[in-house]
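Structure data follow from input02.cif (mmCIF, C-alpha atoms and all ligand atoms):
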data_model
loop_
_atom_site.label_atom_id
_atom_site.label_comp_id
_atom_site.auth_asym_id
_atom_site.auth_seq_id
_atom_site.Cartn_x
_atom_site.Cartn_y
_atom_site.Cartn_z
CA MET A 1 12.54 -0.31 5.01
CA THR A 2 13.53 3.04 3.59
CA ARG A 3 13.75 3.56 -0.13
CA THR A 4 16.65 5.39 -1.72
CA ASP A 5 17.25 6.63 -5.28
CA GLY A 6 19.74 3.92 -6.17
CA ASP A 7 18.43 0.95 -4.17
CA SER A 8 18.43 -2.50 -5.74
CA TRP A 9 17.17 -5.85 -4.50
CA ASP A 10 16.98 -9.59 -4.77
CA VAL A 11 13.58 -11.28 -4.99
CA THR A 12 13.60 -12.12 -1.29
CA GLU A 13 14.17 -8.57 -0.07
CA SER A 14 12.73 -5.04 -0.16
CA VAL A 15 10.64 -4.36 -3.31
CA GLY A 16 11.70 -7.76 -4.71
CA GLN A 17 9.57 -9.55 -2.11
CA THR A 18 6.44 -7.92 -3.46
CA ALA A 19 6.87 -10.04 -6.60
CA LEU A 20 6.66 -13.12 -4.37
CA GLY A 21 3.52 -11.69 -2.71
CA VAL A 22 1.86 -11.45 -6.14
CA ALA A 23 3.07 -14.97 -7.01
CA MET A 24 1.38 -16.18 -3.80
CA ALA A 25 -1.90 -14.69 -4.95
CA ARG A 26 -1.53 -16.28 -8.41
CA ALA A 27 -0.65 -19.67 -6.93
CA ASP A 28 -3.75 -19.51 -4.70
CA GLU A 29 -5.97 -18.53 -7.61
CA SER A 30 -4.55 -21.30 -9.80
CA ALA A 31 -5.27 -23.85 -7.07
CA SER A 32 -8.83 -22.59 -6.49
CA GLY A 33 -11.97 -24.36 -7.69
CA CYS A 34 -12.80 -22.02 -10.54
CA PRO A 35 -9.68 -19.99 -11.40
CA LEU A 36 -9.65 -17.04 -13.81
CA PHE A 37 -6.31 -18.31 -15.15
CA SER A 38 -3.82 -21.05 -14.53
CA ASP A 39 -0.29 -20.12 -13.57
CA PRO A 40 1.59 -23.29 -12.63
CA TYR A 41 4.84 -21.32 -12.41
CA ALA A 42 3.76 -19.24 -9.41
CA ARG A 43 4.08 -22.20 -7.05
CA MET A 44 7.53 -23.04 -8.47
CA PHE A 45 8.76 -19.53 -7.65
CA LEU A 46 7.44 -19.73 -4.10
CA ASP A 47 9.10 -23.10 -3.53
CA ALA A 48 12.39 -21.90 -5.02
CA ALA A 49 12.36 -18.80 -2.81
CA ALA A 50 11.55 -20.91 0.26
CA SER A 51 14.52 -23.14 -0.52
CA ARG A 52 16.68 -19.99 -0.38
CA GLY A 53 15.41 -19.24 3.09
CA TRP A 54 12.50 -16.92 2.23
CA GLN A 55 9.68 -17.24 4.70
CA PRO A 56 6.23 -16.78 3.23
CA PRO A 57 4.14 -14.10 4.93
CA ALA A 58 2.18 -15.47 7.84
CA GLY A 59 -0.51 -14.10 10.19
CA PRO A 60 -2.22 -10.83 9.22
CA MET A 61 -0.01 -10.34 6.15
CA ALA A 62 -1.01 -13.76 4.73
CA GLU A 63 -4.61 -12.91 5.56
CA ARG A 64 -4.29 -9.63 3.69
CA ILE A 65 -2.91 -11.39 0.59
CA ARG A 66 -5.83 -13.83 0.82
CA MET A 67 -8.32 -10.97 1.16
CA ILE A 68 -7.09 -9.17 -1.93
CA GLY A 69 -7.09 -12.46 -3.88
CA GLY A 70 -10.16 -11.50 -5.91
CA TYR A 71 -8.59 -8.17 -6.84
CA ALA A 72 -5.23 -9.76 -7.73
CA ALA A 73 -6.89 -12.45 -9.86
CA SER A 74 -9.03 -9.90 -11.73
CA ARG A 75 -5.98 -7.76 -12.36
CA THR A 76 -4.02 -10.73 -13.78
CA LYS A 77 -6.93 -11.68 -15.99
CA TRP A 78 -7.32 -8.11 -17.26
CA PHE A 79 -3.64 -7.85 -18.28
CA ASP A 80 -3.81 -11.34 -19.86
CA GLU A 81 -6.72 -10.19 -22.01
CA PHE A 82 -4.91 -6.96 -22.89
CA PHE A 83 -1.93 -8.85 -24.32
CA ILE A 84 -4.06 -11.39 -26.17
CA ALA A 85 -6.12 -8.59 -27.77
CA ALA A 86 -2.95 -6.69 -28.71
CA GLY A 87 -1.58 -9.82 -30.44
CA ALA A 88 -4.89 -10.29 -32.26
CA ALA A 89 -4.62 -6.68 -33.46
CA GLY A 90 -1.29 -7.50 -35.11
CA ILE A 91 1.19 -6.26 -32.49
CA GLN A 92 4.27 -8.46 -32.16
CA GLN A 93 6.46 -6.60 -29.65
CA PHE A 94 5.46 -6.76 -26.01
CA VAL A 95 7.15 -5.06 -23.09
CA ILE A 96 6.36 -6.17 -19.55
CA LEU A 97 7.66 -3.45 -17.24
CA ALA A 98 8.64 -4.57 -13.73
CA ALA A 99 7.83 -8.12 -14.78
CA GLY A 100 8.70 -9.67 -11.42
CA LEU A 101 7.48 -13.28 -11.44
CA ASP A 102 4.91 -12.66 -14.17
CA ALA A 103 4.91 -15.86 -16.27
CA ARG A 104 2.87 -14.59 -19.22
CA ALA A 105 5.73 -15.20 -21.63
CA TRP A 106 5.48 -18.88 -20.65
CA ARG A 107 1.74 -19.33 -20.22
CA LEU A 108 -0.17 -17.15 -22.75
CA PRO A 109 -1.01 -18.28 -26.31
CA TRP A 110 1.21 -15.79 -28.16
CA VAL A 111 0.81 -15.24 -31.89
CA ASP A 112 3.70 -16.58 -34.01
CA GLY A 113 6.47 -14.02 -34.38
CA SER A 114 5.80 -12.39 -30.99
CA VAL A 115 8.73 -11.20 -28.91
CA ILE A 116 8.36 -10.45 -25.22
CA TYR A 117 10.75 -8.13 -23.44
CA GLU A 118 10.76 -8.21 -19.67
CA ILE A 119 12.30 -5.43 -17.62
CA ASP A 120 13.09 -5.78 -13.92
CA GLN A 121 16.03 -5.64 -11.54
CA PRO A 122 18.86 -8.01 -12.58
CA GLN A 123 18.65 -10.21 -9.47
CA VAL A 124 14.89 -10.63 -9.77
CA LEU A 125 15.11 -11.78 -13.40
CA GLU A 126 18.07 -14.03 -12.57
CA PHE A 127 16.08 -15.82 -9.88
CA LYS A 128 13.08 -16.13 -12.17
CA LEU A 129 14.98 -17.53 -15.15
CA GLU A 130 17.04 -19.89 -13.04
CA THR A 131 13.87 -21.31 -11.47
CA LEU A 132 12.12 -21.74 -14.82
CA ARG A 133 15.20 -23.32 -16.39
CA SER A 134 15.56 -25.78 -13.53
CA HIS A 135 11.99 -26.94 -14.25
CA GLY A 136 12.64 -27.19 -17.99
CA ALA A 137 10.02 -24.50 -18.71
CA GLU A 138 10.16 -23.05 -22.24
CA PRO A 139 8.71 -19.64 -23.17
CA ALA A 140 5.73 -19.70 -25.54
CA ALA A 141 7.26 -16.97 -27.75
CA ARG A 142 10.67 -15.35 -28.24
CA TYR A 143 11.69 -14.08 -24.83
CA VAL A 144 14.22 -11.36 -24.06
CA ALA A 145 15.19 -10.43 -20.51
CA VAL A 146 16.21 -6.79 -20.08
CA PRO A 147 17.75 -6.59 -16.61
CA VAL A 148 17.80 -2.88 -15.82
CA ASP A 149 16.45 -0.47 -13.24
CA LEU A 150 13.45 1.49 -14.49
CA ARG A 151 14.93 4.66 -13.00
CA HIS A 152 17.96 4.27 -15.31
CA ASP A 153 18.34 4.44 -19.09
CA TRP A 154 16.13 1.44 -19.80
CA PRO A 155 15.11 2.63 -23.32
CA LYS A 156 18.73 2.18 -24.41
CA ALA A 157 18.87 -1.30 -22.85
CA LEU A 158 15.58 -2.18 -24.57
CA ARG A 159 16.71 -0.96 -27.99
CA ASP A 160 20.07 -2.69 -27.55
CA SER A 161 18.11 -5.90 -26.92
CA GLY A 162 16.38 -5.59 -30.30
CA PHE A 163 13.24 -3.53 -29.60
CA ASP A 164 12.20 -1.59 -32.72
CA ALA A 165 10.48 1.72 -31.91
CA THR A 166 9.26 2.10 -35.51
CA GLU A 167 6.98 -0.93 -35.07
CA PRO A 168 3.90 -0.96 -32.78
CA SER A 169 4.29 -2.43 -29.33
CA ALA A 170 2.17 -3.29 -26.28
CA TRP A 171 3.25 -2.33 -22.76
CA SER A 172 2.15 -3.27 -19.28
CA ALA A 173 2.73 -1.55 -15.95
CA GLU A 174 1.17 -3.87 -13.37
CA GLY A 175 1.97 -3.49 -9.68
CA LEU A 176 4.69 -0.99 -10.49
CA LEU A 177 3.81 2.68 -10.17
CA PRO A 178 3.75 3.09 -6.34
CA TYR A 179 7.36 1.84 -6.24
CA LEU A 180 8.52 4.72 -8.44
CA PRO A 181 8.80 8.32 -7.26
CA ALA A 182 6.20 10.54 -8.99
CA GLU A 183 8.88 12.18 -11.08
CA ALA A 184 10.28 8.79 -12.22
CA GLN A 185 6.74 7.78 -13.17
CA ASP A 186 6.45 10.88 -15.37
CA ARG A 187 9.74 10.01 -17.06
CA LEU A 188 8.58 6.41 -17.53
CA PHE A 189 5.51 7.48 -19.50
CA GLU A 190 7.45 10.05 -21.53
CA ARG A 191 9.77 7.26 -22.57
CA ILE A 192 6.97 4.80 -23.32
CA SER A 193 5.37 7.50 -25.45
CA GLU A 194 8.65 8.11 -27.33
CA LEU A 195 8.99 4.39 -28.04
CA SER A 196 5.35 3.83 -29.07
CA ALA A 197 4.76 3.83 -32.83
CA PRO A 198 1.16 4.46 -34.00
CA GLY A 199 -1.07 1.51 -33.12
CA SER A 200 0.90 0.78 -29.92
CA ARG A 201 -1.01 -0.01 -26.75
CA VAL A 202 -0.38 0.50 -23.09
CA ALA A 203 -2.08 -1.05 -20.03
CA VAL A 204 -1.60 0.43 -16.59
CA GLU A 205 -2.71 -0.20 -13.03
CA ALA A 206 -2.71 3.11 -11.16
CA PHE A 207 -4.06 4.36 -7.87
CA THR A 208 -6.91 6.83 -8.26
CA ALA A 209 -6.52 10.34 -6.84
CA ASP A 210 -8.54 9.16 -3.79
CA PHE A 211 -5.62 7.04 -2.68
CA PHE A 212 -3.45 10.12 -2.12
CA THR A 213 -5.95 11.98 0.06
CA GLU A 214 -5.03 12.47 3.70
CA GLU A 215 -8.27 10.75 4.67
CA HIS A 216 -7.40 7.58 2.80
CA GLN A 217 -3.82 7.59 4.05
CA ALA A 218 -4.97 8.01 7.65
CA LYS A 219 -7.34 5.05 7.25
CA ARG A 220 -4.57 2.98 5.70
CA ARG A 221 -2.16 3.77 8.53
CA GLU A 222 -4.80 2.85 11.08
CA GLN A 223 -5.42 -0.52 9.39
CA ILE A 224 -1.71 -1.31 9.26
CA ALA A 225 -1.28 -0.33 12.93
CA GLN A 226 -4.12 -2.73 13.81
CA MET A 227 -2.55 -5.54 11.77
CA ARG A 228 0.87 -4.91 13.33
CA HIS A 229 -0.71 -5.07 16.75
CA GLU A 230 -2.38 -8.42 15.93
CA ALA A 231 0.88 -9.75 14.52
CA ALA A 232 2.83 -8.65 17.63
CA GLU A 233 0.27 -10.32 19.91
CA ALA A 234 0.78 -13.54 17.98
CA GLY A 235 4.55 -13.13 18.45
CA GLY A 236 5.20 -12.16 14.82
CA ASP A 237 6.02 -9.14 12.73
CA MET A 238 4.07 -7.37 10.03
CA PRO A 239 5.93 -5.14 7.58
CA ASP A 240 3.98 -2.23 6.11
CA PRO A 241 3.89 -2.77 2.32
CA GLY A 242 3.34 0.98 2.01
CA SER A 243 6.81 1.64 3.42
CA LEU A 244 8.16 0.61 0.00
CA TRP A 245 5.89 3.02 -1.87
CA TYR A 246 6.40 6.65 -2.77
CA ILE A 247 3.17 8.18 -1.54
CA GLU A 248 3.32 11.29 -3.69
CA GLU A 249 0.59 12.88 -5.77
CA ARG A 250 0.80 11.73 -9.37
CA THR A 251 0.14 13.10 -12.82
CA ASP A 252 -3.36 12.21 -14.01
CA LEU A 253 -2.50 9.43 -16.46
CA VAL A 254 -5.84 9.40 -18.24
CA GLU A 255 -5.38 13.06 -19.08
CA TRP A 256 -1.68 12.67 -19.87
CA LEU A 257 -2.15 9.74 -22.24
CA SER A 258 -5.06 11.49 -23.97
CA ASP A 259 -2.91 14.59 -24.44
CA HIS A 260 -0.17 12.43 -25.96
CA GLY A 261 -2.20 10.86 -28.75
CA PHE A 262 -3.57 7.78 -26.97
CA GLN A 263 -7.22 6.84 -27.12
CA VAL A 264 -7.90 6.03 -23.49
CA ASP A 265 -10.30 3.70 -21.74
CA THR A 266 -10.51 3.09 -18.01
CA ILE A 267 -12.25 0.80 -15.54
CA GLY A 268 -12.27 1.01 -11.75
CA ALA A 269 -11.18 -1.88 -9.51
CA VAL A 270 -14.67 -2.63 -8.19
CA GLU A 271 -16.18 -2.69 -11.67
CA LEU A 272 -13.35 -4.87 -12.92
CA MET A 273 -13.94 -7.38 -10.14
CA GLU A 274 -17.65 -7.39 -10.90
CA ARG A 275 -16.82 -8.19 -14.51
CA TYR A 276 -15.15 -11.39 -13.30
CA HIS A 277 -17.74 -12.10 -10.58
CA ARG A 278 -15.34 -11.47 -7.74
CA THR A 279 -16.82 -9.91 -4.63
CA PRO A 280 -14.54 -8.23 -2.09
CA GLU A 281 -14.92 -9.69 1.39
CA ARG A 282 -14.72 -6.22 2.87
CA ASP A 283 -14.99 -2.77 1.30
CA ASP A 284 -11.47 -1.88 2.38
CA ALA A 285 -10.03 -5.03 0.74
CA THR A 286 -10.13 -3.45 -2.70
CA PRO A 287 -7.30 -1.03 -3.50
CA PRO A 288 -8.54 2.32 -4.86
CA SER A 289 -7.12 1.58 -8.30
CA GLN A 290 -8.06 2.05 -11.88
CA PHE A 291 -7.04 0.09 -14.94
CA ILE A 292 -6.18 2.24 -17.92
CA THR A 293 -5.61 1.25 -21.53
CA GLY A 294 -4.35 3.55 -24.26
CA ILE A 295 -4.09 2.98 -28.00
CA ARG A 296 -1.73 5.29 -29.87
CA GLN A 297 -3.56 7.05 -32.65
CA SER A 298 -0.81 9.10 -34.25
N1 LIG A 301 4.37 -6.92 -12.46
C1 LIG A 301 4.62 -8.08 -11.65
C2 LIG A 301 3.34 -8.75 -11.25
O1 LIG A 301 2.30 -8.10 -11.26
O2 LIG A 301 3.41 -9.93 -10.87
C3 LIG A 301 5.46 -7.74 -10.39
C4 LIG A 301 4.82 -6.78 -9.45
S1 LIG A 301 5.73 -6.58 -7.94
C5 LIG A 301 4.46 -5.91 -6.93
C6 LIG A 301 6.75 -5.15 -8.26
C7 LIG A 301 7.90 -5.43 -9.19
O3 LIG A 301 8.41 -4.18 -9.62
C8 LIG A 301 9.06 -6.20 -8.59
O4 LIG A 301 9.39 -7.30 -9.38
C9 LIG A 301 10.19 -5.17 -8.57
O5 LIG A 301 11.48 -5.74 -8.69
C10 LIG A 301 9.80 -4.29 -9.75
N2 LIG A 301 10.36 -2.93 -9.68
C11 LIG A 301 9.98 -1.94 -8.83
N3 LIG A 301 10.73 -0.85 -9.04
C12 LIG A 301 11.59 -1.15 -10.04
C13 LIG A 301 12.63 -0.44 -10.68
N4 LIG A 301 12.96 0.81 -10.32
N5 LIG A 301 13.31 -1.05 -11.68
C14 LIG A 301 13.02 -2.32 -12.05
N6 LIG A 301 12.04 -3.05 -11.45
C15 LIG A 301 11.35 -2.47 -10.47
#

Could you express the structure from this file as structure tokens?
Amino acid sequence: MTRTDGDSWDVTESVGQTALGVAMARADESASGCPLFSDPYARMFLDAAASRGWQPPAGPMAERIRMIGGYAASRTKWFDEFFIAAGAAGIQQFVILAAGLDARAWRLPWVDGSVIYEIDQPQVLEFKLETLRSHGAEPAARYVAVPVDLRHDWPKALRDSGFDATEPSAWSAEGLLPYLPAEAQDRLFERISELSAPGSRVAVEAFTADFFTEEHQAKRREQIAQMRHEAAEAGGDMPDPGSLWYIEERTDLVEWLSDHGFQVDTIGAVELMERYHRTPERDDATPPSQFITGIRQS
């Protein structure tokens, strides 16, 4: 799977499939004994995709999704809390970047007057909304789909959909950045900054600088090769999720946001999981990520 500048996808292919991978993790968490959240929509998406011929990951890939379950659940919970806190602070405009099959607009207790904008590829949002409609699911706040590629002029599409850049807003970038080239990531944050009135908030999941070191990449390649080998022995296939990523050194977001008037806070993946009493099964099951929040001061 090679990425190109203008590639696009349905939810069952290329980068689109990763949204189903995350939905799998959320469905598993929701069905667990003591879940950090309940997302009844995740299972609906998986069933709808299966009825279109999508085959859920099996073998080592399914095992990998299971192994990062604690990380995925902690991440979901952290972004849930971010949005709830932003609403409590008086923010009423919310932008979920690369929303995929995120069902927060349907499942969180939004404050009256909230409007949620979701940006993702047109076919991904189409699948999502069709599935939710067919189950009679109603959003818990005003919902606006903004089907546009994040490498294109999405600020125009967002404004044309009613977003008001003079009012504060809250933004999330969850499970997104590795799918953008480093330069597109820089442009993304420049645009978020331009659209963020004072008081706006941003929440981001980003790899730490460790992820980009040759040592980490070599270890990652070795792990994938091992998993591919196991999959082949079992007569299956194992795609490398990293083949969809742009593994390019990135701007330090903590520094960048601080330099652009945001008051920044950050927590590492391991610490975040500890907060929610989730223990990784293996050290290498936790992505080297950090979770960054910024509040626009001026
Ligand atoms: N944020 C969601 C979540 O955590 O459940 C989805 C994460 S999924 C790993 C990645 C999502 O990013 C997919 O839904 C994909 O379509 C979206 N995405 C990646 N690159 C994009 C782009 N250039 N424009 C729009 N959406 C993009």

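With distances taken from (-17.6, -15.5, -12.9) and restricted to only C-alpha atoms, the residues inside 12 Å are Gly33, Cys34, Pro35, Leu36, Phe37, Gly70, Ala73, Ser74, Lys77, Leu272, Met273, Glu274, Arg275, Tyr276, His277, Arg278 and Thr279 of chain A.
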
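Closest approach to ligand LIG 301 (chain A) from the set A:Ala218, A:Ala98, A:Ala25, A:Ala86 is made by A:Ala98, with distances taken over all atoms listed in the file.
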
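Checking A:Phe212, A:Tyr143, A:Trp154, A:Phe189 one by one against ligand LIG 301 (chain A), counting all atoms listed in the file, you find the shortest gap at A:Trp154.
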
Please return the centre and edge lengths, in Å to one decimal, of a box with edges along x, y and z that contains all listed atoms of stretch 157-169 of chain A, widened by 5 Å on every side, as JSON.
{"center_x": 12.0, "center_y": -1.9, "center_z": -29.2, "size_x": 26.2, "size_y": 18.0, "size_z": 22.7}

Cut-off 9 Å, only C-alpha atoms and all ligand atoms, neighbours of ligand LIG 301 (chain A) as a PyMOL selection string: chain A and resi 5-11+14-23+26+72+75-76+96-103+119-125+147-152+154+172-180+184

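Minimum atom-to-atom distances from A:Gly294, A:Gly53, A:Gly242, A:Gly236 to A:Val264 were compared using all atoms listed in the file, and the lowest value belongs to A:Gly294.
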
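Computed from the coordinates, the atom CA of A:Arg64 to atom CA of A:Ala232 distance equals 15.7 Å.
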
- prompt: Distance atom CA of A:Arg142-atom CA of A:Phe262, one decimal place?
  reply: 27.2 Å

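What separates atom CA of A:Leu132 from atom CA of A:Phe83 is a distance of 21.3 Å.
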
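With distances taken over all atoms listed in the file, A:Ala58 is the one residue among A:Ala145, A:Pro168, A:Phe82, A:Ala58 lying closest to A:Asp237.
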